[in-house]
Each structure stands twice: as C-alpha cells, then as structure tokens.
$ cat coords_7.csv   # CSV, C-alpha atoms
chain,number,residue,atom,x,y,z
A,1,MET,CA,45.4,-23.9,18.3
A,2,ILE,CA,42.7,-26.2,16.7
A,3,SER,CA,43.0,-29.8,15.5
A,4,ARG,CA,43.1,-30.8,11.9
A,5,ARG,CA,39.5,-32.2,12.2
A,6,GLN,CA,38.2,-28.9,13.6
A,7,PHE,CA,39.9,-27.0,10.9
A,8,VAL,CA,38.4,-29.1,8.1
A,9,LYS,CA,34.9,-28.8,9.8
A,10,ILE,CA,35.2,-25.0,9.9
A,11,ALA,CA,36.5,-24.8,6.4
A,12,LEU,CA,33.6,-26.9,5.1
A,13,LEU,CA,30.8,-25.1,7.1
A,14,ALA,CA,32.0,-21.5,6.7
A,15,PRO,CA,30.8,-21.1,3.1
A,16,LEU,CA,27.5,-22.6,3.9
A,17,ALA,CA,27.0,-20.2,6.8
A,18,LEU,CA,27.9,-17.3,4.6
A,19,LYS,CA,25.4,-18.5,2.0
A,20,LEU,CA,22.6,-18.9,4.6
A,21,GLU,CA,23.3,-15.4,6.0
A,22,ALA,CA,23.3,-13.8,2.5
A,23,SER,CA,20.1,-15.6,1.5
A,24,GLU,CA,18.3,-13.9,4.4
A,25,THR,CA,18.7,-10.6,2.7
A,26,LEU,CA,17.7,-11.8,-0.7
A,27,GLY,CA,14.1,-11.6,-2.0
A,28,LYS,CA,12.4,-13.6,-4.6
A,29,ASN,CA,14.4,-14.1,-7.9
A,30,GLY,CA,17.6,-13.7,-5.8
A,31,ALA,CA,17.2,-10.0,-5.8
A,32,PRO,CA,18.7,-8.0,-2.9
A,33,LEU,CA,16.2,-6.8,-0.3
A,34,LYS,CA,15.8,-3.1,0.4
A,35,GLU,CA,16.2,-1.8,3.9
A,36,ALA,CA,13.1,-0.1,5.0
A,37,LEU,CA,12.7,3.6,5.7
A,38,TYR,CA,10.9,4.9,8.8
A,39,TYR,CA,11.7,2.4,11.6
A,40,ARG,CA,13.7,2.3,14.8
A,41,ARG,CA,15.8,-0.4,16.5
A,42,LEU,CA,14.5,-1.0,20.0
A,43,ASP,CA,16.6,-3.7,21.5
A,44,GLU,CA,20.1,-4.6,20.3
A,45,ARG,CA,20.1,-7.8,22.2
A,46,GLN,CA,16.7,-9.1,21.1
A,47,LYS,CA,16.9,-7.3,17.8
A,48,LYS,CA,13.4,-5.9,17.9
A,49,VAL,CA,12.4,-3.0,15.6
A,50,TRP,CA,9.6,-0.5,15.6
A,51,CYS,CA,8.0,0.2,12.2
A,52,GLN,CA,6.9,3.8,12.0
A,53,LEU,CA,5.5,3.9,8.5
A,54,CYS,CA,1.8,3.5,9.3
A,55,PRO,CA,-0.4,4.1,12.3
A,56,ARG,CA,-0.1,0.5,13.4
A,57,GLY,CA,3.4,1.0,14.7
A,58,CYS,CA,4.2,-2.7,14.7
A,59,ILE,CA,6.9,-3.9,17.1
A,60,ILE,CA,8.5,-6.7,15.1
A,61,ALA,CA,10.7,-9.4,16.6
A,62,ASN,CA,13.7,-10.8,14.8
A,63,GLY,CA,12.6,-13.1,12.0
A,64,GLU,CA,9.0,-11.9,12.1
A,65,SER,CA,7.0,-9.7,9.7
A,66,GLY,CA,4.7,-6.8,10.4
A,67,PHE,CA,0.9,-6.8,10.2
A,68,CYS,CA,1.1,-5.9,6.5
A,69,ARG,CA,3.3,-9.1,5.8
A,70,ALA,CA,5.4,-6.9,3.5
A,71,ARG,CA,8.2,-5.8,5.9
A,72,LYS,CA,10.4,-8.3,7.8
A,73,ASN,CA,12.9,-7.9,10.6
A,74,ILE,CA,16.1,-9.7,9.6
A,75,ASP,CA,18.8,-9.7,12.3
A,76,GLY,CA,17.6,-6.4,13.7
A,77,LYS,CA,17.1,-4.6,10.4
A,78,LEU,CA,13.7,-4.0,8.8
A,79,TYR,CA,13.5,-4.9,5.1
A,80,SER,CA,10.8,-4.2,2.5
A,81,LEU,CA,10.0,-7.6,0.9
A,82,GLY,CA,8.1,-6.0,-2.0
A,83,TYR,CA,10.9,-3.7,-3.3
A,84,ALA,CA,11.3,-4.2,-7.1
A,85,GLN,CA,9.0,-7.3,-6.8
A,86,PRO,CA,5.7,-6.3,-8.5
A,87,CYS,CA,3.1,-9.1,-8.7
A,88,ALA,CA,0.9,-7.1,-11.0
A,89,MET,CA,1.7,-4.8,-13.9
A,90,HIS,CA,-1.0,-3.6,-16.3
A,91,VAL,CA,-1.6,-0.8,-18.7
A,92,ASP,CA,-5.1,0.7,-17.8
A,93,PRO,CA,-7.2,3.6,-18.7
A,94,ILE,CA,-6.6,6.2,-15.9
A,95,GLU,CA,-10.4,6.3,-15.4
A,96,LYS,CA,-10.1,2.7,-14.0
A,97,LYS,CA,-8.0,3.9,-11.0
A,98,PRO,CA,-10.5,5.8,-10.8
A,99,PHE,CA,-9.5,9.3,-11.7
A,100,PHE,CA,-12.0,11.3,-13.7
A,101,ASN,CA,-10.1,14.6,-13.6
A,102,VAL,CA,-6.5,13.6,-14.2
A,103,LEU,CA,-5.3,13.3,-17.8
A,104,PRO,CA,-8.6,12.0,-19.2
A,105,LYS,CA,-8.6,9.3,-21.8
A,106,THR,CA,-4.9,8.5,-21.3
A,107,LEU,CA,-3.2,5.3,-20.2
A,108,SER,CA,-1.6,4.7,-16.8
A,109,PHE,CA,1.1,2.0,-16.2
A,110,SER,CA,-0.3,0.3,-13.0
A,111,ILE,CA,1.8,-1.7,-10.6
A,112,ALA,CA,1.5,-3.4,-7.2
A,113,SER,CA,3.4,-5.7,-4.9
A,114,ALA,CA,1.7,-7.9,-2.4
A,115,GLY,CA,0.6,-6.9,1.1
A,116,CYS,CA,-1.8,-4.6,2.9
A,117,ASN,CA,-1.9,-2.9,6.3
A,118,LEU,CA,-5.7,-3.3,6.5
A,119,ARG,CA,-7.9,-6.5,6.7
A,120,CYS,CA,-11.0,-5.4,4.8
A,121,LYS,CA,-13.5,-8.2,4.7
A,122,PHE,CA,-14.7,-7.0,1.3
A,123,CYS,CA,-11.3,-6.7,-0.4
A,124,GLN,CA,-11.6,-7.0,-4.2
A,125,ASN,CA,-7.9,-8.0,-4.6
A,126,TRP,CA,-7.5,-10.2,-1.6
A,127,GLN,CA,-5.5,-12.8,-3.5
A,128,ILE,CA,-2.5,-10.4,-3.6
A,129,SER,CA,-3.3,-7.9,-0.8
A,130,GLN,CA,-3.7,-10.5,2.0
A,131,VAL,CA,-0.4,-12.3,1.4
A,132,SER,CA,3.3,-11.6,1.5
A,133,PRO,CA,5.4,-10.7,-1.5
A,134,LEU,CA,7.2,-14.0,-0.8
A,135,GLU,CA,4.0,-15.8,-1.7
A,136,THR,CA,3.2,-14.2,-5.0
A,137,VAL,CA,4.6,-14.6,-8.6
A,138,ASN,CA,6.8,-11.6,-9.1
A,139,LYS,CA,8.9,-10.1,-11.8
A,140,TYR,CA,12.1,-8.4,-10.6
A,141,SER,CA,11.7,-4.9,-11.9
A,142,PRO,CA,14.0,-2.1,-10.6
A,143,PRO,CA,12.5,1.5,-10.6
A,144,GLN,CA,14.2,2.6,-13.8
A,145,GLU,CA,12.7,-0.4,-15.6
A,146,ILE,CA,9.2,0.6,-14.5
A,147,VAL,CA,9.6,4.1,-15.9
A,148,ALA,CA,11.0,2.7,-19.1
A,149,LEU,CA,8.1,0.3,-19.5
A,150,ALA,CA,5.6,3.2,-18.9
A,151,ILE,CA,7.2,5.2,-21.6
A,152,LYS,CA,7.3,2.2,-24.0
A,153,ASN,CA,3.6,1.5,-23.5
A,154,GLY,CA,2.6,5.1,-24.1
A,155,SER,CA,1.5,5.8,-20.5
A,156,ARG,CA,1.5,9.3,-19.3
A,157,SER,CA,1.3,8.3,-15.6
A,158,ILE,CA,2.4,5.5,-13.3
A,159,ALA,CA,-0.3,4.3,-10.9
A,160,TYR,CA,0.5,2.6,-7.6
A,161,THR,CA,-2.6,0.6,-7.1
A,162,TYR,CA,-4.3,-2.9,-6.7
A,163,THR,CA,-2.9,-3.5,-3.2
A,164,GLU,CA,-1.9,-0.8,-0.6
A,165,PRO,CA,1.1,1.2,-2.0
A,166,THR,CA,2.2,2.2,1.5
A,167,ASN,CA,3.5,-1.4,2.0
A,168,PHE,CA,6.0,-1.0,-0.9
A,169,PHE,CA,6.7,2.6,0.1
A,170,GLU,CA,10.5,2.6,-0.8
A,171,TYR,CA,9.8,1.1,-4.2
A,172,MET,CA,7.1,3.6,-4.9
A,173,LEU,CA,9.2,6.5,-3.8
A,174,ASP,CA,12.2,5.5,-6.0
A,175,ILE,CA,10.0,5.0,-9.0
A,176,ALA,CA,8.2,8.3,-8.4
A,177,LYS,CA,11.5,10.2,-8.3
A,178,ALA,CA,12.6,8.6,-11.6
A,179,ALA,CA,9.2,9.2,-13.2
A,180,LYS,CA,9.1,12.9,-12.2
A,181,ASP,CA,12.5,13.4,-13.9
A,182,LYS,CA,10.9,12.0,-17.2
A,183,GLY,CA,7.8,14.1,-17.0
A,184,ILE,CA,5.5,11.2,-16.1
A,185,LEU,CA,2.8,11.8,-13.5
A,186,ASN,CA,2.7,9.7,-10.3
A,187,VAL,CA,-0.8,8.7,-9.2
A,188,GLN,CA,-1.9,6.5,-6.3
A,189,HIS,CA,-5.0,4.6,-5.2
A,190,SER,CA,-4.6,4.2,-1.4
A,191,ASN,CA,-6.4,3.3,1.8
A,192,GLY,CA,-4.8,6.4,3.4
A,193,TYR,CA,-3.3,4.4,6.3
A,194,ILE,CA,0.1,6.1,6.5
A,195,ASN,CA,1.9,8.3,9.1
A,196,PRO,CA,2.2,12.0,8.4
A,197,THR,CA,6.1,12.1,8.1
A,198,PRO,CA,6.5,9.5,5.3
A,199,LEU,CA,3.4,10.9,3.6
A,200,LYS,CA,4.8,14.4,3.4
A,201,GLU,CA,8.0,13.0,1.9
A,202,LEU,CA,6.0,11.1,-0.7
A,203,CYS,CA,3.9,14.2,-1.5
A,204,GLN,CA,6.9,15.9,-3.0
A,205,PHE,CA,6.6,13.4,-5.9
A,206,LEU,CA,2.9,12.6,-6.0
A,207,ASP,CA,0.6,14.3,-8.5
A,208,ALA,CA,-2.8,12.7,-7.6
A,209,VAL,CA,-4.2,10.3,-5.1
A,210,ASN,CA,-7.6,8.6,-4.9
A,211,ILE,CA,-8.3,7.6,-1.3
A,212,ASP,CA,-10.7,4.8,-0.3
A,213,LEU,CA,-12.8,6.4,2.4
A,214,LYS,CA,-14.4,3.2,3.2
A,215,GLY,CA,-17.1,4.5,5.6
A,216,PHE,CA,-17.7,7.4,7.9
A,217,SER,CA,-17.8,5.7,11.3
A,218,LYS,CA,-15.2,4.4,13.7
A,219,SER,CA,-17.1,1.2,14.3
A,220,PHE,CA,-17.2,0.4,10.5
A,221,TYR,CA,-13.4,0.7,10.3
A,222,ASN,CA,-12.9,-1.3,13.5
A,223,LYS,CA,-15.3,-4.1,12.5
A,224,LEU,CA,-14.8,-4.5,8.7
A,225,CYS,CA,-11.2,-3.2,8.2
A,226,GLU,CA,-9.5,-3.8,11.6
A,227,ALA,CA,-8.3,-0.2,11.5
A,228,GLU,CA,-9.1,3.4,12.6
A,229,LEU,CA,-10.9,6.1,10.7
A,230,ASP,CA,-9.1,9.2,12.1
A,231,PRO,CA,-5.7,8.5,10.4
A,232,VAL,CA,-7.4,8.3,7.0
A,233,LEU,CA,-9.1,11.6,7.5
A,234,GLU,CA,-5.7,13.2,8.5
A,235,THR,CA,-4.1,11.7,5.3
A,236,ILE,CA,-6.8,13.3,3.1
A,237,LYS,CA,-6.2,16.7,4.8
A,238,THR,CA,-2.4,16.4,4.5
A,239,LEU,CA,-2.6,15.5,0.8
A,240,LYS,CA,-4.9,18.5,0.0
A,241,ALA,CA,-2.7,20.9,2.0
A,242,SER,CA,0.4,19.6,0.1
A,243,GLY,CA,-1.1,20.5,-3.2
A,244,VAL,CA,-1.7,16.9,-4.4
A,245,TRP,CA,-4.9,16.4,-6.4
A,246,VAL,CA,-7.4,14.4,-4.3
A,247,GLU,CA,-10.3,12.2,-5.4
A,248,ILE,CA,-12.2,10.0,-3.0
A,249,THR,CA,-13.9,6.6,-3.5
A,250,ASN,CA,-16.6,5.3,-1.2
A,251,LEU,CA,-17.6,1.6,-1.8
A,252,VAL,CA,-21.2,1.5,-0.7
A,253,ILE,CA,-22.0,-1.8,1.1
A,254,PRO,CA,-25.7,-2.6,1.9
A,255,GLY,CA,-26.4,-2.7,5.6
A,256,HIS,CA,-22.9,-1.5,6.6
A,257,ASN,CA,-22.2,2.0,5.3
A,258,ASP,CA,-25.2,2.9,3.1
A,259,ASP,CA,-27.1,5.0,5.6
A,260,PRO,CA,-27.8,8.3,3.8
A,261,GLU,CA,-27.3,10.2,7.0
A,262,MET,CA,-23.7,8.7,7.3
A,263,ILE,CA,-23.0,9.5,3.7
A,264,GLY,CA,-24.3,13.0,4.2
A,265,ARG,CA,-22.0,13.5,7.2
A,266,MET,CA,-19.1,12.2,5.1
A,267,CYS,CA,-19.7,14.6,2.3
A,268,THR,CA,-20.2,17.5,4.7
A,269,TRP,CA,-16.8,16.7,6.2
A,270,ILE,CA,-15.2,16.6,2.7
A,271,ASN,CA,-16.8,19.9,1.8
A,272,THR,CA,-15.7,21.7,5.0
A,273,SER,CA,-12.3,20.0,5.7
A,274,VAL,CA,-10.8,19.6,2.2
A,275,GLY,CA,-13.1,21.5,-0.2
A,276,ALA,CA,-16.0,21.2,-2.5
A,277,ASP,CA,-13.7,20.6,-5.5
A,278,VAL,CA,-12.8,17.1,-4.3
A,279,PRO,CA,-14.6,14.5,-6.5
A,280,VAL,CA,-16.3,11.6,-4.7
A,281,HIS,CA,-16.9,8.3,-6.5
A,282,PHE,CA,-19.7,6.1,-5.1
A,283,SER,CA,-18.8,2.6,-6.0
A,284,ARG,CA,-21.0,-0.5,-6.2
A,285,PHE,CA,-20.2,-3.4,-3.9
A,286,TYR,CA,-20.2,-7.0,-5.2
A,287,PRO,CA,-20.0,-10.1,-2.8
A,288,MET,CA,-16.3,-10.7,-2.3
A,289,TYR,CA,-13.7,-12.3,0.0
A,290,LYS,CA,-15.2,-12.6,3.5
A,291,LEU,CA,-18.4,-10.7,2.7
A,292,THR,CA,-20.1,-13.1,0.3
A,293,GLY,CA,-23.4,-13.1,2.3
A,294,VAL,CA,-24.2,-9.5,1.4
A,295,SER,CA,-26.1,-8.6,-1.8
A,296,PRO,CA,-24.7,-6.3,-4.5
A,297,THR,CA,-25.5,-2.7,-4.0
A,298,PRO,CA,-28.7,-1.6,-5.8
A,299,VAL,CA,-28.2,1.2,-8.3
A,300,SER,CA,-31.0,3.1,-6.4
A,301,THR,CA,-28.7,3.2,-3.3
A,302,LEU,CA,-25.9,4.8,-5.3
A,303,GLU,CA,-28.4,7.4,-6.6
A,304,LYS,CA,-29.4,8.2,-3.1
A,305,ALA,CA,-25.8,8.5,-2.0
A,306,ARG,CA,-25.2,10.9,-4.8
A,307,GLU,CA,-28.3,12.9,-3.7
A,308,ALA,CA,-27.0,13.0,-0.1
A,309,GLY,CA,-23.6,14.3,-1.4

$ encode --input "coords_7.csv" --output "structure tokens"
Amino acid sequence: MISRRQFVKIALLAPLALKLEASETLGKNGAPLKEALYYRRLDERQKKVWCQLCPRGCIIANGESGFCRARKNIDGKLYSLGYAQPCAMHVDPIEKKPFFNVLPKTLSFSIASAGCNLRCKFCQNWQISQVSPLETVNKYSPPQEIVALAIKNGSRSIAYTYTEPTNFFEYMLDIAKAAKDKGILNVQHSNGYINPTPLKELCQFLDAVNIDLKGFSKSFYNKLCEAELDPVLETIKTLKASGVWVEITNLVIPGHNDDPEMIGRMCTWINTSVGADVPVHFSRFYPMYKLTGVSPTPVSTLEKAREAG
C-alpha cells in the first residue's frame, strides 16, 4: 500500500523517467540509435563492454564512448552514434577518392559521419574526424535513401570517405548491401585500422578500397597517428586475398616519412606481399591540424618517391 501523495508523485515522474530512458537511445534529429556489431558485454553489474571492431579493443564503461568517439555504451549495450547520421554528402569525381583504375571519369556519391580511430596530427578533415557524431551537423539519412540519392545524382558508386568509415561500420554495411542490389559499386577510402572478422564480412560487399598507408615504420604510426602499423598491413593483405580491388595512398611528409629508403621498403613490401598491380598514389602534404610547422612537400620529393617505387 502507498499513500495518495506517493501515488501522485510516481504518476507524475514515471512518464519523465520513460522519456529520459528513451532519449538515451536516440541520436541527433531524434533518430533511433543502432546497436553496434562486434562487441561483447563484460560485466553485467558494472555494464562494461568490449568493442571488437578495431585493433584498439576499447573497454568502455557505462555512459562512456570509445577512442573513436563514435560508439557509446548505453546501459551495457554498445551503440553506433553515426548510424544514418552523415555529416558530409557530396558528389565527387571518383578520381578524387583517389581511384585512378575504378570506373574512370564517373561520379561517386561520397558520405561520412564523424569520428576516427586514429589521431593523425596531419589530418586533413580533422573538423569532422576528431569529434563525435553528436557534435556535427547531420542529416538523418537511412541506407535506402543514400542509395536513392546516388542513383538520382548519376553516381555509379558510393564512396565511404572523408572520415574513417570503420567508425560507421553498421551504416556502411547496410548501405553497401542495398547498393549492391541496385548494381552500384561500393568503394572506400580507409586507414585500414579494422579487425579481420568485421573486415571479411564487409569484403563481401566492397568493390574497391584505397588504403592510407601513412608511413612504413612503427615509430611513425606511434608518434604521428597513435596507432600501430602491423594491423594496417594485415588489412591490405586481407582485402587483396578477398578479391577487392586495392589502391594505396602515401601522404609524403617532409622530415617524417619522406626517406627514399623507407619508401623503397614500403614499395618492396607492396610488390611482394600484395602484388605489382596495386597502384600507389604519392600525395603532397600541406600544413594542417597539429602539423602546421612543417613545410609543404616539394614536388621533387614526390618525384623521388615515384623513382623509389
């Protein structure tokens, strides 16, 4: 038995409590959040979860987000904050991805949601890659809508790009499935920092991937990206073995990864481990984000990199 006052109090507060609980699983624009794939619950009492999507393997406490800022533990379940929440949508030439050997001179419908599982000091899209999807201006766009927009805009492919697509894995996967049914290619520009099991699932729907191989030394990855080199190399090999078309981009940064000997070793590894038919793009660095004290890459350095390759 409860008093009339207690009954009135419960009756008034119950709808508010339900509203607060529901809002926790809603993203921006009031859209429902998508439960993440590839995670494990570790502690039912403390509601900790273990994200198994990328090599970081974040252990995430209740109410906290992972290193990428794009996946949040809500009451013991891991949710993808970027699902159907793109912060960037553009129609680009496919050569801008860059792909020079995939549907040349065609358009690619390019999308991204915020977040990244690396911390590259030279990031060109840091305004959206180094924040959470909750901090960007997004347009709620379900997977089928993205496919319809690609068709409407005359795009023969959909590109997952600008930020790191791994962080909106579930969204990318659902779009890729729908796009494949419509005969639209799925292409991706990625840092390659993903675990083998989710990558192999994604490979069933990917047609081409351009991997940023940012340097060919462990110290470079540790110091400038807060990451490891080996998982990226494994990703490249897995993509190639899965029959996905692979291209590689190497951003050449003066004083950091421009040593011809290092570039030569990188190209030798590409040749022997994945094949001489893998195109390599040497890209020019411009001062950006936290690496503004470094001069732009001289064209002569890119020419030497090409010679080393």

$ residues_around --input "coords_7.csv" --residues "stretch 33-41 of chain A" --least-positions-apart "6" --cutoff "10 Å" --atoms "all atoms listed in the file" --output "ChimeraX atom specification"
/A:23-27,47-54,57-60,71-74,76-85,168-171,195,197-198

$ residues_around --input "coords_7.csv" --residues "stretch 111-117 of chain A" --least-positions-apart "3" --cutoff "10 Å" --atoms "only C-alpha atoms" --output "MDAnalysis selection string"
chainID A and resid 54:56 66:71 81:91 108 120 125:139 146 158:168 171:172 188 191 193:194 225:227

$ closest_residue --input "coords_7.csv" --among "A:Ala61, A:Leu118, A:Leu302, A:Cys203" --to "A:Pro254" --atoms "all atoms listed in the file"
A:Leu302

$ atom_distance --input "coords_7.csv" --atom1 "atom CA of A:Thr297" --atom2 "atom CA of A:Asp259"
12.4 Å

$ residues_around --input "coords_7.csv" --residues "stretch 177-184 of chain A" --least-positions-apart "3" --cutoff "9 Å" --atoms "only C-alpha atoms" --output "list in words"
Pro143, Gln144, Ile146, Val147, Ala148, Ala150, Ile151, Ser155, Arg156, Ser157, Ile158, Met172, Leu173, Asp174, Phe205 and Leu206 of chain A

$ closest_residue --input "coords_7.csv" --among "A:Ala308, A:Val209, A:Glu64, A:Ser141" --to "A:Asn29" --atoms "only C-alpha atoms"
A:Ser141

$ closest_residue --input "coords_7.csv" --among "A:Thr268, A:Thr301, A:Thr292, A:Thr238" --to "A:Gln124" --atoms "only C-alpha atoms"
A:Thr292

$ atom_distance --input "coords_7.csv" --atom1 "atom CA of A:Pro196" --atom2 "atom CA of A:His256"
28.6 Å

$ closest_residue --input "coords_7.csv" --among "A:Phe109, A:Phe216, A:Phe285, A:Tyr221" --to "A:Glu261" --atoms "all atoms listed in the file"
A:Phe216

$ atom_distance --input "coords_7.csv" --atom1 "atom CA of A:Pro93" --atom2 "atom CA of A:Lys105"
6.6 Å

$ closest_residue --input "coords_7.csv" --among "A:Asn186, A:Ser242, A:Ser65, A:Ser217" --to "A:Leu103" --atoms "all atoms listed in the file"
A:Asn186

$ closest_residue --input "coords_7.csv" --among "A:Ile175, A:Asn257, A:Val232, A:Gly243" --to "A:Glu145" --atoms "all atoms listed in the file"
A:Ile175

$ residues_around --input "coords_7.csv" --residues "A:Asn250" --least-positions-apart "5" --cutoff "12 Å" --atoms "all atoms listed in the file" --output "VMD selection string"
chain A and resid 98 191 210 to 216 257 to 258 262 to 263 266 to 267 279 to 285 302 305 to 306 309

$ build_atoms --input "coords_7.csv" --residues "stretch 237-270 of chain A" --atoms "N, CA and C atoms" --output "PDB file, in the coordinates of the input"
ATOM      1  N   LYS A 237      -6.476  15.296   4.512  1.00  0.00           N
ATOM      2  CA  LYS A 237      -6.200  16.700   4.800  1.00  0.00           C
ATOM      3  C   LYS A 237      -4.738  17.051   4.414  1.00  0.00           C
ATOM      4  N   THR A 238      -3.822  16.152   4.750  1.00  0.00           N
ATOM      5  CA  THR A 238      -2.400  16.400   4.500  1.00  0.00           C
ATOM      6  C   THR A 238      -2.154  16.424   2.951  1.00  0.00           C
ATOM      7  N   LEU A 239      -2.774  15.510   2.218  1.00  0.00           N
ATOM      8  CA  LEU A 239      -2.600  15.500   0.800  1.00  0.00           C
ATOM      9  C   LEU A 239      -3.103  16.801   0.149  1.00  0.00           C
ATOM     10  N   LYS A 240      -4.276  17.230   0.569  1.00  0.00           N
ATOM     11  CA  LYS A 240      -4.900  18.500   0.000  1.00  0.00           C
ATOM     12  C   LYS A 240      -3.983  19.664   0.355  1.00  0.00           C
ATOM     13  N   ALA A 241      -3.501  19.732   1.591  1.00  0.00           N
ATOM     14  CA  ALA A 241      -2.700  20.900   2.000  1.00  0.00           C
ATOM     15  C   ALA A 241      -1.323  20.866   1.289  1.00  0.00           C
ATOM     16  N   SER A 242      -0.888  19.694   0.818  1.00  0.00           N
ATOM     17  CA  SER A 242       0.400  19.600   0.100  1.00  0.00           C
ATOM     18  C   SER A 242       0.290  19.892  -1.361  1.00  0.00           C
ATOM     19  N   GLY A 243      -0.907  20.160  -1.836  1.00  0.00           N
ATOM     20  CA  GLY A 243      -1.100  20.500  -3.200  1.00  0.00           C
ATOM     21  C   GLY A 243      -1.258  19.305  -4.154  1.00  0.00           C
ATOM     22  N   VAL A 244      -1.461  18.125  -3.572  1.00  0.00           N
ATOM     23  CA  VAL A 244      -1.700  16.900  -4.400  1.00  0.00           C
ATOM     24  C   VAL A 244      -3.205  16.890  -4.753  1.00  0.00           C
ATOM     25  N   TRP A 245      -3.502  16.547  -6.017  1.00  0.00           N
ATOM     26  CA  TRP A 245      -4.900  16.400  -6.400  1.00  0.00           C
ATOM     27  C   TRP A 245      -5.530  15.236  -5.747  1.00  0.00           C
ATOM     28  N   VAL A 246      -6.690  15.423  -5.134  1.00  0.00           N
ATOM     29  CA  VAL A 246      -7.400  14.400  -4.300  1.00  0.00           C
ATOM     30  C   VAL A 246      -8.710  14.030  -4.930  1.00  0.00           C
ATOM     31  N   GLU A 247      -8.959  12.744  -5.099  1.00  0.00           N
ATOM     32  CA  GLU A 247     -10.300  12.200  -5.400  1.00  0.00           C
ATOM     33  C   GLU A 247     -10.582  11.157  -4.299  1.00  0.00           C
ATOM     34  N   ILE A 248     -11.843  10.896  -4.032  1.00  0.00           N
ATOM     35  CA  ILE A 248     -12.200  10.000  -3.000  1.00  0.00           C
ATOM     36  C   ILE A 248     -13.190   8.925  -3.537  1.00  0.00           C
ATOM     37  N   THR A 249     -12.975   7.662  -3.139  1.00  0.00           N
ATOM     38  CA  THR A 249     -13.900   6.600  -3.500  1.00  0.00           C
ATOM     39  C   THR A 249     -14.553   6.010  -2.256  1.00  0.00           C
ATOM     40  N   ASN A 250     -15.863   5.882  -2.308  1.00  0.00           N
ATOM     41  CA  ASN A 250     -16.600   5.300  -1.200  1.00  0.00           C
ATOM     42  C   ASN A 250     -17.377   4.076  -1.758  1.00  0.00           C
ATOM     43  N   LEU A 251     -16.918   2.877  -1.373  1.00  0.00           N
ATOM     44  CA  LEU A 251     -17.600   1.600  -1.800  1.00  0.00           C
ATOM     45  C   LEU A 251     -18.829   1.484  -0.867  1.00  0.00           C
ATOM     46  N   VAL A 252     -20.007   1.533  -1.452  1.00  0.00           N
ATOM     47  CA  VAL A 252     -21.200   1.500  -0.700  1.00  0.00           C
ATOM     48  C   VAL A 252     -21.714   0.079  -0.475  1.00  0.00           C
ATOM     49  N   ILE A 253     -21.700  -0.375   0.779  1.00  0.00           N
ATOM     50  CA  ILE A 253     -22.000  -1.800   1.100  1.00  0.00           C
ATOM     51  C   ILE A 253     -23.359  -1.825   1.829  1.00  0.00           C
ATOM     52  N   PRO A 254     -24.348  -2.525   1.258  1.00  0.00           N
ATOM     53  CA  PRO A 254     -25.700  -2.600   1.900  1.00  0.00           C
ATOM     54  C   PRO A 254     -25.614  -3.087   3.322  1.00  0.00           C
ATOM     55  N   GLY A 255     -26.276  -2.345   4.200  1.00  0.00           N
ATOM     56  CA  GLY A 255     -26.400  -2.700   5.600  1.00  0.00           C
ATOM     57  C   GLY A 255     -25.167  -2.377   6.442  1.00  0.00           C
ATOM     58  N   HIS A 256     -24.140  -1.794   5.843  1.00  0.00           N
ATOM     59  CA  HIS A 256     -22.900  -1.500   6.600  1.00  0.00           C
ATOM     60  C   HIS A 256     -22.553   0.001   6.549  1.00  0.00           C
ATOM     61  N   ASN A 257     -22.557   0.604   5.368  1.00  0.00           N
ATOM     62  CA  ASN A 257     -22.200   2.000   5.300  1.00  0.00           C
ATOM     63  C   ASN A 257     -23.068   2.783   4.281  1.00  0.00           C
ATOM     64  N   ASP A 258     -24.277   2.259   4.059  1.00  0.00           N
ATOM     65  CA  ASP A 258     -25.200   2.900   3.100  1.00  0.00           C
ATOM     66  C   ASP A 258     -26.223   3.789   3.631  1.00  0.00           C
ATOM     67  N   ASP A 259     -26.135   4.080   4.920  1.00  0.00           N
ATOM     68  CA  ASP A 259     -27.100   5.000   5.600  1.00  0.00           C
ATOM     69  C   ASP A 259     -26.910   6.398   4.965  1.00  0.00           C
ATOM     70  N   PRO A 260     -27.957   6.965   4.362  1.00  0.00           N
ATOM     71  CA  PRO A 260     -27.800   8.300   3.800  1.00  0.00           C
ATOM     72  C   PRO A 260     -27.349   9.363   4.748  1.00  0.00           C
ATOM     73  N   GLU A 261     -27.712   9.204   6.017  1.00  0.00           N
ATOM     74  CA  GLU A 261     -27.300  10.200   7.000  1.00  0.00           C
ATOM     75  C   GLU A 261     -25.747  10.102   7.188  1.00  0.00           C
ATOM     76  N   MET A 262     -25.194   8.874   7.209  1.00  0.00           N
ATOM     77  CA  MET A 262     -23.700   8.700   7.300  1.00  0.00           C
ATOM     78  C   MET A 262     -23.044   9.291   6.079  1.00  0.00           C
ATOM     79  N   ILE A 263     -23.595   9.003   4.919  1.00  0.00           N
ATOM     80  CA  ILE A 263     -23.000   9.500   3.700  1.00  0.00           C
ATOM     81  C   ILE A 263     -23.078  11.038   3.638  1.00  0.00           C
ATOM     82  N   GLY A 264     -24.166  11.582   4.128  1.00  0.00           N
ATOM     83  CA  GLY A 264     -24.300  13.000   4.200  1.00  0.00           C
ATOM     84  C   GLY A 264     -23.251  13.657   5.102  1.00  0.00           C
ATOM     85  N   ARG A 265     -23.006  13.021   6.266  1.00  0.00           N
ATOM     86  CA  ARG A 265     -22.000  13.500   7.200  1.00  0.00           C
ATOM     87  C   ARG A 265     -20.598  13.443   6.542  1.00  0.00           C
ATOM     88  N   MET A 266     -20.347  12.367   5.817  1.00  0.00           N
ATOM     89  CA  MET A 266     -19.100  12.200   5.100  1.00  0.00           C
ATOM     90  C   MET A 266     -18.846  13.321   4.119  1.00  0.00           C
ATOM     91  N   CYS A 267     -19.863  13.587   3.322  1.00  0.00           N
ATOM     92  CA  CYS A 267     -19.700  14.600   2.300  1.00  0.00           C
ATOM     93  C   CYS A 267     -19.635  16.018   2.884  1.00  0.00           C
ATOM     94  N   THR A 268     -20.308  16.231   4.008  1.00  0.00           N
ATOM     95  CA  THR A 268     -20.200  17.500   4.700  1.00  0.00           C
ATOM     96  C   THR A 268     -18.753  17.701   5.206  1.00  0.00           C
ATOM     97  N   TRP A 269     -18.167  16.615   5.750  1.00  0.00           N
ATOM     98  CA  TRP A 269     -16.800  16.700   6.200  1.00  0.00           C
ATOM     99  C   TRP A 269     -15.835  16.995   5.052  1.00  0.00           C
ATOM    100  N   ILE A 270     -16.033  16.320   3.924  1.00  0.00           N
ATOM    101  CA  ILE A 270     -15.200  16.600   2.700  1.00  0.00           C
ATOM    102  C   ILE A 270     -15.294  18.022   2.319  1.00  0.00           C
TER     103      ILE A 270
END
